[in-house]
There are 2 protein chains.
Amino acid sequence: MSIRIGILGYGNLGRGVEYAAEACEDMELAAVFTRRDPSALSIRRKDVPVVSVNEIDKWKDKIDVLILCGGSATDLPVQTPKYAESFNVIDSFDTHAKIPEHFAAVDAAAKKGGKVAIISVGWDPGLFSLNRVYANAILPKGKDYTFWGRGVSQGHSDAIRRIEGVKNAKQYTVPVEAALEAVRAGKNPSLTTREKHTRECFVVAEDGADKARIEREIKTMPNYFADYDTTVHFIDEKEFNEKHSGLAHGGFVIRTGATGENGAHNHVIEFSLKLDSNPEFTASVLIAYARAAHRLAAEGQKGAKTVLDIPPAYLSPKTGEELRASLV
Amino acid sequence: MSIRIGILGYGNLGRGVEYAAEACEDMELAAVFTRRDPSALSIRRKDVPVVSVNEIDKWKDKIDVLILCGGSATDLPVQTPKYAESFNVIDSFDTHAKIPEHFAAVDAAAKKGGKVAIISVGWDPGLFSLNRVYANAILPKGKDYTFWGRGVSQGHSDAIRRIEGVKNAKQYTVPVEAALEAVRAGKNPSLTTREKHTRECFVVAEDGADKARIEREIKTMPNYFADYDTTVHFIDEKEFNEKHSGLAHGGFVIRTGATGENGAHNHVIEFSLKLDSNPEFTASVLIAYARAAHRLAAEGQKGAKTVLDIPPAYLSPKTGEELRASLV
């Protein structure tokens, strides 16, 4: 029988989960839950019911895993503990500093309800976390580096759009190639914020707006831009829509470390992603972990987990025998 | 209390495990077991006993995890099932085609003895297997590529040394940069053996040997070289010892796949290793999985496992709380 998936929240991520579930033969999208009026929400799959989240309790026995596609700022801190009592859930909570607190709240709820909840699933946190843990365990004497990009930062794009005279904007985070190369060469550089990433902004200004002022406001914005080498390009709306409507992203997790006599031998472990669509890729990771949650629940496990707690084989639709014969 | 490690077999890999255990604060090297006369084997750590393998049964209660450092051709198929009955064991069995058979034999023995055995640990099989499974689960519609090198192939070096007139030889497997770039660019190329790797040979010839014949014999050797673009460099013994005494290796596992409407969005997941010392790095992976075996055994688990069955957190000396606060 297929794994019955529910989606809560139909933004970019929810739409990505709709595609990702469809790509898996062992999955079936059972329902999309929304806080909006369901009759006002049109989803791609016309054969899948759209249901008000107020009705979600009626679906307890019809959903194997509920995928929470809300935001980390205000949605997930409330939703994940709330729904983990009644459903096996997956979320992509990505506020790194608050993960311990979120884990504790979700763990209590999931244990109370006898359900499995896997939190902070995606690529960072998620696949990048996995790679940090593997690499640290293997090379205890070493140094970690994470680079993000080239990719769109939604938060930075939003910050630019709040400036007076800005009609639209997109910000790309760009890793500094020379820094990446120094890390890969095993030089163990100590890198400042400015040395690791640059920020590239594409801005559509309102007619008659003072571009020099906009550029100055961007480049001096504390936290977001002041600590970085930032370039600002003013473009027209046509070019913006043609070239900057995507949500590409990616990044690099690198650990360098030494082994042997006086650390004579150096090693570089590198994991990288180059993604045309951040939300669709994140959704694909969520669906793989939904499969794992379903298996853990079938085994009778309960409580909150992160990607670090899940055996890799649980993500695959293949059996242990099939994996050992083909992918080990 | 420290995890008490035993090493069976003191070649390059065993010496690597000796270093790797020393780099871990929660590990203690308890003994090195050898098939040789123990009095004839000198190990680096003078405070660690060297014991004849014939006496190994006396150490059943003094070793938490025994690391088997023999070869895959003849040692491990016998040793791993044999010792898995009395010890928690780790091996680096790397004959991919025989993994299912080896797993079955080790699983039966480990279950009989109530022990945990993790087989085929290292980087390929091992870390590369992990990355293949993660990437396949996340991008079900896609294509896998593995490239090895630049690095020393022991088997190919041995094959050259068996040619008449060859005093010493080392063979490097080199990935073709253009093929790597085509894969990374998401072009999904179909690559022949010749298009993926080249082979570079450094040969010290005996005095008066016919170099043209040696080069011809290398380049036409079936299976080993005939299907590759092979270059042969004759060098003198001094240069050989100075420049080609290392055991560097590495490689790349890449999966490219598509998501979304008609697969409109492409993604590249890449994992790579650049290793100064293949045996020391492999040993570091073995030690991390020894930690996992110790934990699994403490939980009462039994039987054979591969890296695919082990939650990543089990490799780390940190607690779940520490990992969630620092590395997720």
# chains A, B, ... in the order shown; residues from 1 in each chain; ligands from 1

$ residues_around --residues "stretch 51-60 of chain B" --least-positions-apart "6" --cutoff "9 Å" --atoms "only C-alpha atoms" --output "ChimeraX atom specification"
/B:8,31-39,86-87

$ write_last_selection --atoms "C-alpha atoms" --output "CSV table (one decimal), in the first residue's frame"
chain,number,residue,atom,x,y,z
B,8,LEU,CA,43.8,-7.8,13.7
B,31,ALA,CA,45.9,-5.0,21.7
B,32,VAL,CA,47.2,-5.8,18.2
B,33,PHE,CA,46.7,-9.4,17.1
B,34,THR,CA,48.9,-10.9,14.4
B,35,ARG,CA,49.3,-14.2,12.5
B,36,ARG,CA,53.0,-13.6,12.7
B,37,ASP,CA,55.3,-14.4,15.6
B,38,PRO,CA,54.4,-11.5,18.0
B,39,SER,CA,58.0,-11.1,19.1
B,86,SER,CA,33.0,-13.8,19.7
B,87,PHE,CA,33.6,-10.0,19.1

$ interface_residues --of "chain B" --to "chain A" --cutoff "6 Å" --atoms "only C-alpha atoms" --output "count of residues only"
31

$ atom_distance --atom1 "atom CA of B:Asp47" --atom2 "atom CA of B:Glu28"
11.2 Å

$ select_by_dssp --residues "stretch 100-271 of chain A" --states "helix (DSSP H, G or I)" --output "ChimeraX atom specification"
/A:100-113,127-138,154-161,177-184,193-196,211-219,237-243,261-263

$ residues_around --residues "A:Val204" --least-positions-apart "2" --cutoff "12 Å" --atoms "only C-alpha atoms" --output "PyMOL selection string"
chain A and resi 157+160-161+163-171+201-202+206-211+214-215+232-241+244

$ atom_distance --atom1 "atom CA of A:Ala30" --atom2 "atom CA of A:Met1"
12.8 Å

$ select_by_dssp --residues "stretch 62-240 of chain B" --states "strand (DSSP E or B)" --output "MDAnalysis selection string"
chainID B and resid 65:68 88:90 116:118 123 126 142:148 151:152 166:175 197:205 229:234

$ closest_residue --among "A:Asp26, A:Glu217, A:Asp91, A:Glu85" --to "A:Ser72" --atoms "only C-alpha atoms"
A:Asp91

$ residues_around --residues "B:Ala182" --least-positions-apart "4" --cutoff "12 Å" --atoms "only C-alpha atoms" --output "PyMOL selection string"
chain B and resi 145+176-178+186-191+195-196+254+256+268

$ residues_around --residues "stretch 65-69 of chain B" --least-positions-apart "5" --cutoff "8 Å" --atoms "only C-alpha atoms" --output "PyMOL selection string"
chain B and resi 3-11+13-14+76+79-80+87-92+286+290+293-294

$ residues_around --residues "A:Asp227" --least-positions-apart "2" --cutoff "12 Å" --atoms "only C-alpha atoms" --output "list in words"
Thr192, Thr193, Arg194, Glu195, Lys196, His197, Thr198, Arg199, Ile218, Lys219, Thr220, Met221, Pro222, Asn223, Tyr224, Phe225, Asp229 and Thr230 of chain A

$ decode --residues "stretch 272-287 of chain A" --atoms "N, CA, C and O atoms" --output "mmCIF file, in the first residue's frame"
data_model
loop_
_atom_site.group_PDB
_atom_site.id
_atom_site.type_symbol
_atom_site.label_atom_id
_atom_site.label_comp_id
_atom_site.auth_asym_id
_atom_site.auth_seq_id
_atom_site.Cartn_x
_atom_site.Cartn_y
_atom_site.Cartn_z
ATOM 1 N N SER A 272 28.642 19.068 -1.951
ATOM 2 C CA SER A 272 28.103 20.296 -2.530
ATOM 3 C C SER A 272 26.790 20.044 -3.251
ATOM 4 O O SER A 272 26.497 18.926 -3.683
ATOM 5 N N LEU A 273 26.010 21.102 -3.328
ATOM 6 C CA LEU A 273 24.721 21.075 -4.022
ATOM 7 C C LEU A 273 24.654 22.229 -5.001
ATOM 8 O O LEU A 273 25.117 23.335 -4.697
ATOM 9 N N LYS A 274 24.094 21.955 -6.170
ATOM 10 C CA LYS A 274 23.824 23.014 -7.152
ATOM 11 C C LYS A 274 22.384 22.804 -7.586
ATOM 12 O O LYS A 274 22.084 21.830 -8.271
ATOM 13 N N LEU A 275 21.499 23.688 -7.133
ATOM 14 C CA LEU A 275 20.061 23.442 -7.232
ATOM 15 C C LEU A 275 19.370 24.500 -8.087
ATOM 16 O O LEU A 275 19.486 25.692 -7.809
ATOM 17 N N ASP A 276 18.636 24.058 -9.096
ATOM 18 C CA ASP A 276 17.848 25.000 -9.901
ATOM 19 C C ASP A 276 16.671 25.559 -9.111
ATOM 20 O O ASP A 276 16.226 26.676 -9.363
ATOM 21 N N SER A 277 16.127 24.763 -8.195
ATOM 22 C CA SER A 277 14.983 25.211 -7.409
ATOM 23 C C SER A 277 15.159 24.773 -5.962
ATOM 24 O O SER A 277 15.031 23.586 -5.642
ATOM 25 N N ASN A 278 15.447 25.737 -5.113
ATOM 26 C CA ASN A 278 15.607 25.471 -3.682
ATOM 27 C C ASN A 278 14.352 24.802 -3.103
ATOM 28 O O ASN A 278 14.454 23.735 -2.480
ATOM 29 N N PRO A 279 13.132 25.365 -3.324
ATOM 30 C CA PRO A 279 11.966 24.720 -2.690
ATOM 31 C C PRO A 279 11.677 23.318 -3.222
ATOM 32 O O PRO A 279 11.308 22.441 -2.444
ATOM 33 N N GLU A 280 11.863 23.087 -4.523
ATOM 34 C CA GLU A 280 11.582 21.735 -5.045
ATOM 35 C C GLU A 280 12.590 20.717 -4.527
ATOM 36 O O GLU A 280 12.233 19.567 -4.241
ATOM 37 N N PHE A 281 13.856 21.121 -4.397
ATOM 38 C CA PHE A 281 14.842 20.184 -3.856
ATOM 39 C C PHE A 281 14.570 19.908 -2.382
ATOM 40 O O PHE A 281 14.586 18.757 -1.942
ATOM 41 N N THR A 282 14.309 20.965 -1.613
ATOM 42 C CA THR A 282 13.978 20.788 -0.190
ATOM 43 C C THR A 282 12.789 19.847 -0.040
ATOM 44 O O THR A 282 12.789 18.947 0.813
ATOM 45 N N ALA A 283 11.787 20.024 -0.882
ATOM 46 C CA ALA A 283 10.601 19.162 -0.848
ATOM 47 C C ALA A 283 10.968 17.704 -1.115
ATOM 48 O O ALA A 283 10.412 16.788 -0.499
ATOM 49 N N SER A 284 11.932 17.483 -2.013
ATOM 50 C CA SER A 284 12.360 16.121 -2.334
ATOM 51 C C SER A 284 13.039 15.467 -1.134
ATOM 52 O O SER A 284 12.920 14.256 -0.917
ATOM 53 N N VAL A 285 13.769 16.279 -0.350
ATOM 54 C CA VAL A 285 14.384 15.749 0.874
ATOM 55 C C VAL A 285 13.284 15.423 1.891
ATOM 56 O O VAL A 285 13.308 14.371 2.550
ATOM 57 N N LEU A 286 12.293 16.304 2.019
ATOM 58 C CA LEU A 286 11.190 16.069 2.954
ATOM 59 C C LEU A 286 10.473 14.753 2.645
ATOM 60 O O LEU A 286 10.146 13.979 3.549
ATOM 61 N N ILE A 287 10.235 14.502 1.375
ATOM 62 C CA ILE A 287 9.510 13.278 0.975
ATOM 63 C C ILE A 287 10.338 12.025 1.303
ATOM 64 O O ILE A 287 9.794 11.010 1.751
#
